[in-house]
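Trainee: The structure file final05.txt (compact mmCIF, C-alpha atoms) is provided below.
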```
# COMPACT_ATOMS: atom_id res chain seq x y z
CA MET P 1 18.14 20.01 -28.10
CA LYS P 2 19.46 18.96 -24.69
CA LEU P 3 19.18 21.38 -21.78
CA TRP P 4 22.96 21.72 -21.88
CA GLN P 5 23.47 21.63 -25.66
CA LYS P 6 24.84 24.58 -27.66
CA GLU P 7 25.79 24.12 -31.34
CA THR P 8 27.74 20.86 -31.36
CA SER P 9 25.92 17.53 -31.61
CA VAL P 10 27.14 14.53 -29.63
CA ALA P 11 28.06 11.37 -31.53
CA ARG P 12 25.14 8.94 -31.50
CA ASN P 13 27.08 6.05 -30.01
CA VAL P 14 28.35 8.31 -27.22
CA GLU P 15 24.83 9.54 -26.51
CA LYS P 16 23.40 6.01 -26.50
CA PHE P 17 26.11 4.76 -24.16
CA THR P 18 25.91 7.65 -21.69
CA VAL P 19 22.11 7.91 -21.57
CA GLY P 20 21.65 4.16 -21.12
CA LYS P 21 18.36 3.32 -19.38
CA ASP P 22 17.93 6.81 -17.96
CA ALA P 23 14.70 7.62 -19.82
CA GLU P 24 13.13 4.34 -18.71
CA MET P 25 14.16 4.88 -15.09
CA ASP P 26 13.17 8.55 -15.17
CA LEU P 27 9.52 7.72 -15.80
CA GLN P 28 9.38 6.63 -12.17
CA LEU P 29 10.62 10.07 -11.14
CA ALA P 30 8.05 11.99 -13.21
CA PRO P 31 5.49 12.83 -10.48
CA PHE P 32 8.26 13.88 -8.12
CA ASP P 33 9.90 16.09 -10.74
CA VAL P 34 6.60 17.95 -11.08
CA LEU P 35 6.26 18.31 -7.31
CA GLY P 36 9.77 19.74 -7.13
CA SER P 37 8.97 22.23 -9.89
CA LEU P 38 5.73 23.27 -8.19
CA ALA P 39 7.70 24.18 -5.07
CA HIS P 40 10.64 25.72 -6.94
CA THR P 41 8.51 28.02 -9.09
CA ARG P 42 6.56 29.30 -6.08
CA MET P 43 9.88 30.13 -4.48
CA LEU P 44 11.11 31.86 -7.68
CA GLU P 45 8.04 34.08 -7.70
CA SER P 46 8.56 34.95 -4.03
CA ILE P 47 12.06 36.33 -4.74
CA GLY P 48 11.09 38.16 -7.93
CA LEU P 49 12.48 35.71 -10.52
CA MET P 50 9.03 34.89 -11.91
CA GLU P 51 6.08 37.17 -12.53
CA PRO P 52 2.87 36.38 -10.60
CA GLU P 53 0.89 35.81 -13.80
CA ASP P 54 3.59 33.44 -15.11
CA LEU P 55 3.49 31.54 -11.83
CA VAL P 56 -0.26 31.06 -12.11
CA ALA P 57 0.10 29.67 -15.64
CA VAL P 58 3.09 27.46 -14.80
CA GLN P 59 1.42 26.06 -11.67
CA ARG P 60 -1.73 25.27 -13.66
CA GLU P 61 0.18 23.41 -16.37
CA LEU P 62 2.39 21.57 -13.91
CA LYS P 63 -0.69 20.27 -12.11
CA ALA P 64 -2.13 19.19 -15.46
CA ILE P 65 1.09 17.29 -16.20
CA TYR P 66 0.90 15.68 -12.76
CA GLN P 67 -2.64 14.50 -13.49
CA SER P 68 -1.53 13.05 -16.84
CA ILE P 69 1.20 11.12 -15.00
CA GLU P 70 -1.37 9.73 -12.59
CA ARG P 71 -3.51 8.63 -15.53
CA GLY P 72 -0.52 6.85 -17.09
CA GLU P 73 -0.46 9.15 -20.13
CA PHE P 74 2.91 10.83 -19.57
CA GLU P 75 5.87 9.67 -21.63
CA ILE P 76 9.37 10.83 -22.43
CA GLU P 77 9.41 11.51 -26.16
CA PRO P 78 12.11 10.13 -28.49
CA GLY P 79 15.14 12.41 -28.49
CA VAL P 80 14.27 13.96 -25.14
CA GLU P 81 17.09 13.28 -22.70
CA ASP P 82 15.34 12.94 -19.36
CA VAL P 83 12.21 13.63 -17.34
CA HIS P 84 13.33 17.18 -16.48
CA SER P 85 13.69 18.02 -20.16
CA GLN P 86 10.30 16.50 -20.97
CA VAL P 87 8.46 18.50 -18.31
CA GLU P 88 10.16 21.72 -19.38
CA LEU P 89 9.40 20.93 -23.03
CA LEU P 90 5.68 20.46 -22.29
CA LEU P 91 5.56 23.72 -20.35
CA THR P 92 7.36 25.65 -23.10
CA ARG P 93 4.99 24.28 -25.76
CA CYS P 94 2.00 25.49 -23.76
CA LEU P 95 3.34 28.68 -22.22
CA GLY P 96 6.26 29.84 -24.33
CA GLU P 97 8.73 32.03 -22.45
CA ALA P 98 7.13 31.37 -19.06
CA GLY P 99 7.97 27.69 -19.41
CA LYS P 100 11.64 28.50 -19.92
CA LYS P 101 11.89 30.32 -16.61
CA ILE P 102 11.44 27.32 -14.33
CA HIS P 103 15.11 26.29 -14.46
CA SER P 104 16.40 29.52 -12.93
CA GLY P 105 18.33 28.90 -9.72
CA ARG P 106 18.73 25.16 -10.13
CA SER P 107 20.75 22.58 -12.01
CA ARG P 108 19.81 19.13 -13.23
CA ASN P 109 22.01 17.96 -10.36
CA ASP P 110 19.83 19.29 -7.56
CA GLN P 111 16.72 18.69 -9.64
CA VAL P 112 17.39 14.96 -9.85
CA LEU P 113 18.48 14.97 -6.20
CA VAL P 114 15.14 16.34 -5.03
CA ASP P 115 13.31 13.95 -7.37
CA LEU P 116 15.22 11.04 -5.85
CA LYS P 117 14.58 12.18 -2.29
CA LEU P 118 10.85 12.48 -2.97
CA PHE P 119 10.80 9.12 -4.80
CA ILE P 120 12.67 7.39 -1.97
CA ARG P 121 10.39 8.96 0.63
CA TYR P 122 7.33 7.67 -1.23
CA GLU P 123 8.76 4.19 -1.77
CA ILE P 124 9.81 3.87 1.86
CA ARG P 125 6.27 4.61 2.92
CA GLN P 126 4.87 1.85 0.69
CA THR P 127 7.49 -0.51 2.09
CA VAL P 128 6.67 0.41 5.68
CA GLU P 129 3.01 -0.39 5.04
CA ALA P 130 3.92 -3.80 3.55
CA VAL P 131 6.17 -4.58 6.53
CA HIS P 132 3.41 -3.55 8.94
CA THR P 133 0.92 -5.85 7.20
CA LEU P 134 3.28 -8.82 7.48
CA PHE P 135 3.98 -7.89 11.11
CA ASN P 136 0.26 -8.01 11.92
CA THR P 137 -0.07 -11.40 10.21
CA LEU P 138 2.87 -12.79 12.18
CA GLN P 139 1.43 -11.51 15.46
CA GLU P 140 -1.96 -13.07 14.71
CA LEU P 141 -0.36 -16.42 13.86
CA SER P 142 1.83 -16.21 16.95
CA GLU P 143 -1.16 -15.87 19.27
CA LYS P 144 -3.27 -18.39 17.38
CA ASN P 145 -0.58 -21.10 17.52
CA LYS P 146 1.11 -20.33 20.83
CA ASP P 147 0.22 -23.71 22.33
CA ILE P 148 1.66 -25.82 19.48
CA LEU P 149 5.16 -26.88 20.46
CA LEU P 150 8.05 -27.56 18.10
CA PRO P 151 11.71 -28.36 18.74
CA GLY P 152 14.22 -25.59 19.05
CA TYR P 153 17.67 -26.13 17.57
CA THR P 154 21.19 -24.93 18.20
CA HIS P 155 23.95 -26.04 15.81
CA LEU P 156 21.07 -27.76 13.95
CA GLN P 157 20.93 -30.18 16.88
CA VAL P 158 17.81 -30.73 18.96
CA ALA P 159 18.08 -28.28 21.85
CA MET P 160 15.03 -27.14 23.85
CA PRO P 161 11.27 -26.84 23.42
CA SER P 162 10.02 -23.93 21.34
CA SER P 163 6.59 -23.17 19.92
CA PHE P 164 5.02 -21.84 16.77
CA GLY P 165 3.98 -18.86 18.86
CA LEU P 166 7.64 -18.12 19.58
CA TRP P 167 8.65 -18.77 15.98
CA PHE P 168 6.10 -16.45 14.40
CA GLY P 169 6.61 -13.86 17.12
CA ALA P 170 10.40 -13.84 16.68
CA TYR P 171 10.11 -12.70 13.08
CA ALA P 172 7.49 -10.11 14.04
CA GLU P 173 9.89 -8.53 16.52
CA SER P 174 12.73 -8.72 14.01
CA LEU P 175 10.66 -6.55 11.66
CA VAL P 176 10.44 -3.89 14.38
CA ASP P 177 14.23 -3.53 14.39
CA ASP P 178 14.28 -3.58 10.58
CA LEU P 179 11.87 -0.65 10.50
CA GLN P 180 14.05 1.26 12.95
CA LEU P 181 16.87 0.99 10.44
CA LEU P 182 14.50 2.02 7.66
CA GLN P 183 13.39 5.00 9.73
CA ALA P 184 17.01 6.12 10.07
CA ALA P 185 17.36 5.88 6.28
CA TYR P 186 14.08 7.78 5.90
CA LYS P 187 15.42 10.61 8.06
CA ILE P 188 18.53 10.80 5.88
CA SER P 189 16.34 10.89 2.76
CA ASN P 190 13.86 13.41 4.13
CA LYS P 191 16.16 16.43 3.72
CA ASN P 192 15.90 19.02 0.97
CA PRO P 193 18.83 19.37 -1.50
CA LEU P 194 17.00 21.82 -3.78
CA GLY P 195 18.95 25.04 -4.23
CA SER P 196 22.34 23.35 -4.09
CA ALA P 197 22.37 23.57 -7.92
CA ALA P 198 25.40 21.79 -9.36
CA GLY P 199 26.78 21.31 -5.87
CA TYR P 200 28.08 24.83 -5.25
CA GLY P 201 24.93 26.86 -4.70
CA SER P 202 23.67 29.87 -6.67
CA SER P 203 24.17 33.62 -6.77
CA PHE P 204 20.38 34.02 -6.83
CA PRO P 205 18.83 34.89 -3.43
CA LEU P 206 17.06 31.53 -3.18
CA ASN P 207 14.78 30.77 -0.25
CA ARG P 208 15.69 27.14 0.42
CA GLN P 209 13.67 26.95 3.63
CA MET P 210 10.55 27.80 1.64
CA THR P 211 10.94 24.84 -0.72
CA THR P 212 11.77 22.64 2.28
CA ASP P 213 8.46 23.55 3.89
CA LEU P 214 6.47 23.32 0.66
CA LEU P 215 7.71 19.78 -0.04
CA GLY P 216 7.22 18.59 3.54
CA PHE P 217 10.89 17.86 4.15
CA GLU P 218 12.03 17.57 7.75
CA ALA P 219 15.12 19.71 7.19
CA LEU P 220 17.60 21.00 4.63
CA ASN P 221 20.80 19.50 3.36
CA TYR P 222 22.41 22.77 4.37
CA ASN P 223 25.90 22.54 2.91
CA VAL P 224 25.56 22.62 -0.88
CA VAL P 225 28.62 20.43 -1.45
CA TYR P 226 27.31 17.83 0.98
CA ALA P 227 23.89 17.95 -0.68
CA GLN P 228 25.54 16.67 -3.86
CA MET P 229 27.63 14.17 -1.89
CA GLY P 230 24.33 12.75 -0.64
CA ARG P 231 23.78 11.20 -4.06
CA GLY P 232 24.68 7.58 -3.56
CA LYS P 233 25.04 7.89 0.21
CA THR P 234 21.26 8.14 0.49
CA GLU P 235 20.72 5.12 -1.75
CA ARG P 236 23.30 3.12 0.18
CA SER P 237 21.65 3.94 3.52
CA VAL P 238 18.24 2.93 2.23
CA SER P 239 19.58 -0.22 0.60
CA MET P 240 21.13 -1.29 3.91
CA ALA P 241 17.72 -0.98 5.59
CA LEU P 242 16.04 -2.89 2.76
CA ALA P 243 18.74 -5.56 3.12
CA SER P 244 17.89 -5.87 6.81
CA ILE P 245 14.23 -6.49 5.99
CA ALA P 246 15.32 -8.96 3.31
CA SER P 247 17.48 -10.79 5.85
CA THR P 248 14.49 -11.29 8.15
CA VAL P 249 12.13 -12.40 5.39
CA GLY P 250 14.72 -14.60 3.67
CA ARG P 251 15.64 -16.34 6.91
CA MET P 252 12.00 -17.15 7.61
CA ALA P 253 11.63 -18.47 4.08
CA MET P 254 14.56 -20.78 4.74
CA ASP P 255 12.90 -22.00 7.95
CA VAL P 256 9.74 -22.87 6.02
CA CYS P 257 11.72 -24.75 3.37
CA LEU P 258 13.43 -26.72 6.13
CA TYR P 259 10.27 -27.33 8.12
CA MET P 260 8.43 -28.61 5.01
CA SER P 261 11.09 -31.27 4.45
CA GLN P 262 9.85 -34.77 5.29
CA ASN P 263 12.79 -35.10 7.67
CA PHE P 264 11.28 -32.31 9.77
CA ALA P 265 7.58 -32.48 8.80
CA PHE P 266 6.63 -29.52 10.97
CA VAL P 267 4.44 -27.83 8.35
CA THR P 268 2.80 -28.54 5.01
CA LEU P 269 1.14 -26.42 2.33
CA PRO P 270 -1.99 -27.02 0.25
CA ASP P 271 -1.19 -28.61 -3.11
CA GLU P 272 -2.25 -25.49 -5.02
CA LEU P 273 0.49 -23.46 -3.32
CA THR P 274 3.31 -25.86 -4.19
CA THR P 275 4.85 -27.19 -7.40
CA GLY P 276 5.75 -30.70 -8.49
CA SER P 277 8.51 -32.58 -10.21
CA SER P 278 8.60 -33.64 -13.86
CA ILE P 279 9.95 -37.05 -12.82
CA MET P 280 9.00 -37.65 -9.17
CA PRO P 281 5.22 -37.90 -8.71
CA HIS P 282 5.37 -37.50 -4.93
CA LYS P 283 7.07 -34.10 -4.85
CA LYS P 284 5.53 -30.98 -3.29
CA ASN P 285 8.08 -28.20 -3.57
CA PRO P 286 8.01 -24.89 -1.61
CA ASP P 287 8.98 -22.88 -4.68
CA VAL P 288 7.43 -19.62 -3.45
CA PHE P 289 9.60 -19.65 -0.34
CA GLU P 290 12.67 -20.61 -2.34
CA ILE P 291 12.13 -17.68 -4.70
CA ILE P 292 11.60 -15.37 -1.71
CA ARG P 293 14.86 -16.66 -0.24
CA GLY P 294 16.72 -16.05 -3.50
CA LYS P 295 15.31 -12.57 -4.03
CA CYS P 296 16.13 -11.62 -0.43
CA ASN P 297 19.70 -12.88 -0.83
CA ARG P 298 20.05 -10.73 -3.93
CA LEU P 299 18.68 -7.69 -2.09
CA GLN P 300 21.30 -8.17 0.61
CA ALA P 301 24.00 -7.75 -2.04
CA LEU P 302 22.68 -4.32 -3.09
CA PRO P 303 24.55 -2.21 -0.47
CA THR P 304 27.82 -3.76 -1.62
CA GLU P 305 27.04 -3.02 -5.27
CA ILE P 306 26.26 0.61 -4.43
CA GLN P 307 29.40 0.94 -2.33
CA MET P 308 31.51 -0.38 -5.21
CA LEU P 309 30.13 2.38 -7.43
CA LEU P 310 30.90 5.03 -4.81
CA GLY P 311 34.16 3.66 -3.45
CA ASN P 312 36.69 5.82 -5.31
CA LEU P 313 34.64 8.93 -6.11
CA PRO P 314 35.80 12.37 -4.92
CA SER P 315 33.29 15.05 -3.98
CA GLY P 316 31.11 16.55 -6.70
CA TYR P 317 28.87 14.95 -9.31
CA HIS P 318 30.03 12.07 -11.51
CA ARG P 319 28.05 10.53 -14.35
CA GLU P 320 28.25 6.92 -13.13
CA LEU P 321 25.94 7.92 -10.28
CA GLN P 322 23.07 7.52 -12.74
CA LEU P 323 23.84 3.77 -12.82
CA LEU P 324 22.55 3.53 -9.27
CA LYS P 325 18.99 3.80 -10.57
CA GLU P 326 19.16 0.51 -12.46
CA SER P 327 19.72 -1.58 -9.34
CA PHE P 328 18.22 0.67 -6.68
CA PHE P 329 14.82 1.50 -8.16
CA PRO P 330 13.69 -2.14 -8.64
CA ALA P 331 14.73 -3.02 -5.08
CA PHE P 332 11.58 -1.46 -3.61
CA THR P 333 9.29 -3.51 -5.84
CA GLU P 334 11.34 -6.63 -5.13
CA ILE P 335 11.18 -6.36 -1.34
CA ARG P 336 7.47 -5.52 -1.38
CA ASN P 337 6.73 -8.52 -3.61
CA CYS P 338 8.52 -10.72 -1.10
CA LEU P 339 6.68 -9.16 1.83
CA GLU P 340 3.30 -9.52 0.12
CA MET P 341 3.89 -13.15 -0.86
CA MET P 342 5.06 -14.01 2.64
CA THR P 343 1.93 -12.35 4.06
CA PHE P 344 -0.20 -14.39 1.64
CA MET P 345 1.52 -17.75 2.15
CA LEU P 346 2.04 -17.96 5.92
CA PRO P 347 -1.66 -18.24 6.94
CA HIS P 348 -1.93 -21.25 4.58
CA LEU P 349 0.71 -23.25 6.45
CA LYS P 350 -0.74 -26.38 8.05
CA LEU P 351 1.04 -26.93 11.35
CA ASN P 352 1.75 -30.35 12.81
CA PRO P 353 0.34 -30.30 16.37
CA ASP P 354 2.05 -33.54 17.45
CA ILE P 355 5.68 -32.92 16.55
CA LEU P 356 7.12 -33.53 20.00
CA LYS P 357 5.42 -36.91 20.40
CA ASP P 358 8.16 -38.34 18.22
CA GLU P 359 10.64 -40.30 20.38
CA LYS P 360 13.64 -38.53 18.88
CA TYR P 361 12.63 -35.35 20.68
CA GLN P 362 12.58 -36.81 24.21
CA TYR P 363 15.90 -35.21 25.19
CA LEU P 364 14.49 -31.84 24.17
CA PHE P 365 13.16 -31.76 27.73
CA SER P 366 16.45 -32.38 29.53
CA VAL P 367 16.79 -28.76 30.65
CA GLU P 368 13.21 -28.88 31.97
CA VAL P 369 14.12 -31.81 34.20
CA VAL P 370 17.34 -30.12 35.36
CA ASN P 371 15.39 -26.97 36.25
CA ASN P 372 12.72 -28.99 38.07
CA GLN P 373 15.42 -30.55 40.26
CA VAL P 374 16.93 -27.12 40.95
CA LEU P 375 13.50 -25.81 41.95
CA SER P 376 13.24 -28.69 44.43
CA GLY P 377 16.51 -27.65 46.05
CA VAL P 378 19.23 -29.54 44.14
CA PRO P 379 22.27 -27.38 43.21
CA PHE P 380 22.37 -26.74 39.45
CA ARG P 381 25.67 -28.57 38.80
CA ASP P 382 24.42 -31.64 40.65
CA ALA P 383 21.08 -31.55 38.82
CA TYR P 384 22.89 -31.22 35.46
CA LYS P 385 25.06 -34.25 36.30
CA ASN P 386 22.07 -36.29 37.50
CA VAL P 387 20.15 -35.76 34.27
CA GLY P 388 23.25 -36.37 32.12
CA LEU P 389 23.84 -39.74 33.82
CA ALA P 390 20.17 -40.67 33.40
CA ILE P 391 20.44 -39.96 29.66
CA GLU P 392 23.61 -42.07 29.39
CA LYS P 393 21.94 -45.01 31.20
CA GLY P 394 18.73 -44.75 29.13
CA GLU P 395 16.75 -43.90 32.26
CA PHE P 396 15.70 -40.36 31.29
CA GLU P 397 11.97 -39.66 31.56
CA ARG P 398 10.51 -36.68 29.79
CA PRO P 399 8.01 -34.45 31.60
CA GLU P 400 4.44 -34.22 30.40
CA LYS P 401 4.50 -30.45 29.78
CA VAL P 402 6.68 -27.36 29.90
CA HIS P 403 6.20 -24.42 32.23
CA HIS P 404 7.82 -21.20 30.99
CA THR P 405 6.50 -17.91 32.35
CA HIS P 406 9.16 -15.21 32.01
CA GLU P 407 8.84 -12.40 29.46
CA GLY P 408 9.25 -13.56 25.87
CA SER P 409 9.09 -17.28 26.64
CA ILE P 410 6.71 -20.01 25.49
CA GLY P 411 4.12 -19.13 28.12
CA ASN P 412 4.50 -15.36 27.92
CA LEU P 413 4.99 -14.20 24.32
CA CYS P 414 4.69 -10.45 25.10
CA THR P 415 2.73 -9.95 21.90
CA ALA P 416 1.20 -6.70 23.16
CA GLU P 417 4.58 -5.33 24.17
CA ILE P 418 6.06 -6.11 20.75
CA LYS P 419 3.09 -4.38 19.13
CA GLY P 420 3.83 -1.36 21.33
CA LEU P 421 7.39 -1.27 19.99
CA MET P 422 6.10 -1.36 16.41
CA ASP P 423 3.55 1.38 17.05
CA GLU P 424 6.30 3.58 18.48
CA VAL P 425 8.49 3.07 15.42
CA LEU P 426 5.61 3.73 13.01
CA SER P 427 4.71 7.00 14.74
CA GLY P 428 8.29 8.20 14.26
CA PHE P 429 7.96 8.37 10.48
CA GLN P 430 5.42 11.25 10.70
CA PHE P 431 4.00 10.56 7.27
CA GLU P 432 1.06 12.86 7.98
CA LYS P 433 3.32 15.92 7.70
CA VAL P 434 4.31 14.88 4.18
CA ASP P 435 0.69 14.19 3.24
CA LYS P 436 -0.35 17.65 4.35
CA ALA P 437 2.43 19.40 2.44
CA ILE P 438 1.87 17.53 -0.83
CA LYS P 439 -1.90 18.01 -0.62
CA GLU P 440 -1.43 21.77 -0.23
CA LEU P 441 1.15 21.88 -3.03
CA LEU P 442 -1.26 20.19 -5.47
CA ALA P 443 -4.35 22.12 -4.37
```
Translate this structure into structure tokens?
Mentor:
Amino acid sequence: MKLWQKETSVARNVEKFTVGKDAEMDLQLAPFDVLGSLAHTRMLESIGLMEPEDLVAVQRELKAIYQSIERGEFEIEPGVEDVHSQVELLLTRCLGEAGKKIHSGRSRNDQVLVDLKLFIRYEIRQTVEAVHTLFNTLQELSEKNKDILLPGYTHLQVAMPSSFGLWFGAYAESLVDDLQLLQAAYKISNKNPLGSAAGYGSSFPLNRQMTTDLLGFEALNYNVVYAQMGRGKTERSVSMALASIASTVGRMAMDVCLYMSQNFAFVTLPDELTTGSSIMPHKKNPDVFEIIRGKCNRLQALPTEIQMLLGNLPSGYHRELQLLKESFFPAFTEIRNCLEMMTFMLPHLKLNPDILKDEKYQYLFSVEVVNNQVLSGVPFRDAYKNVGLAIEKGEFERPEKVHHTHEGSIGNLCTAEIKGLMDEVLSGFQFEKVDKAIKELLA
């Protein structure tokens, strides 16, 4: 029997079509469904909707179910509609009538909402840690290689001197901004919808602040209609932040693919980290970076896909919202795989220390010469014209070295300052509050 079923059975083809991959996706929500029920039942007992002895038994069995999930033993049985039904079924088998009481004051709507919020909160934390690891790797490589110059490009034309220190450091700082977006999405996710029921609240005297505190949420979704409207909006907000991270990682992957080309020859990889060609014996292909680039491009399409599902929906719950899981859930694994592979691959890059010795890069230093003339007292427009004429006549002479000292330039990477920005963002997530709440809930 379904939680909502009375006497009439649903046609099998209708059931198969509407349930879809829900059971498969719901397995990922299992630990969070138990956490939600642990908080909800404690609240029910506090307002007199559950007897103290029933609460003790229900809490004990819920914690046992949670442990079975952690051991990988939990499964949704054939014929059971979703994770909520499975948990309630296990409780009822063990406890009888006490197990049937846990659904008082809530609907599957707010139950899945709180599961999703807890799932998203957990997945964001894992993603933040993966971003931070890549950030640290980029900062280390930036400092280690700050004296190796490479050409900077605008319009894909040789422009001005850059360095590997600047290149690595640029992507490190980009990740700081990406995490600021992810933090905004985290704050949207970290609000409690439990107690909104089917989107219109309950006549029971629920204590919603209690479940908010028990689950470590920062605040409530106060308005019960808006709590339900948050389904989809939350996923879209998070997907936009994931897309921002993907944009940074995918762009760097593209740089590596370009720089490995023989026409650039800025970097190479060990043979064991590349693939070959079935017909061209000389090939060393950057397949890992190409796959990262492709996966990141796909992740950047996710916000649009979610928006297309939400675009013409009025307020209230609608069944197609369950389709969000199929694209949204895998996105966390996908972005973390990309982050982890990027973290693994980048330290293996072999950098060419003599790139700028190539004659084709001599005009890379034209701005240096202009600036040197300006520093000696020549007006900028005259210095610009002087150097331009020297280039036209083939009389341009490149300087031996560059001298950049301002903040964020070749000679002053501001690595410590960028780390300070990252530390500030990381502290804003306040994961320790969540840890404390969940630890107490499972004690």
Trainee: Restricting the calculation to all atoms listed in the file: of P:Val267, P:Leu150, P:Ile102, P:Leu138, which residue gets closest to Gln362 in chain P?
Mentor: P:Leu150
Trainee: Which of these residues is nearest to Ile65 in chain P, using only C-alpha atoms: P:Asn223, P:Leu91, P:Ser203, P:Pro52?
Mentor: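 Among P:Asn223, P:Leu91, P:Ser203, P:Pro52, it is P:Leu91 that comes nearest to Ile65 in chain P.
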Trainee: Rank P:Met342, P:Val87, P:Thr92, P:Val369 by their smallest atom-to-atom distance to Glu75 in chain P, using only C-alpha atoms, and report the top residue only.
Mentor: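 Checking each of P:Met342, P:Val87, P:Thr92, P:Val369 against Glu75 in chain P, counting only C-alpha atoms, the winner is P:Val87.
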Trainee: Restricting the calculation to all atoms listed in the file, which member of P:Ser239, P:Gln180, P:Asn412, P:Gln262 is positioned closest to Lys283 in chain P?
Mentor: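 Closest residue, counting all atoms listed in the file: P:Gln262.
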Trainee: Find the spatial neighbours of Leu175 in chain P, counting only C-alpha atoms, within a cut-off of 8 Å - ignore same-chain residues fewer than 3 positions away - and output them as a ChimeraX atom specification.
Mentor: /P:131,135,171-172,178-179,245,248
Trainee: Show me, as JSON, numbers by chain, the residues that have an atom within 12 Å of Val56 in chain P when counting only C-alpha atoms, minus same-chain residues fewer than 5 positions from it.
Mentor: {"P": [38, 41, 42, 45, 50, 51, 61, 62, 63, 95, 98, 99]}
Trainee: So, counting all atoms listed in the file, which residue among P:Phe204, P:Leu156, P:Ile76, P:Leu346 is closest to Leu49 in chain P?
Mentor: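 Once distances to Leu49 in chain P are computed over all atoms listed in the file, the minimum belongs to P:Phe204.
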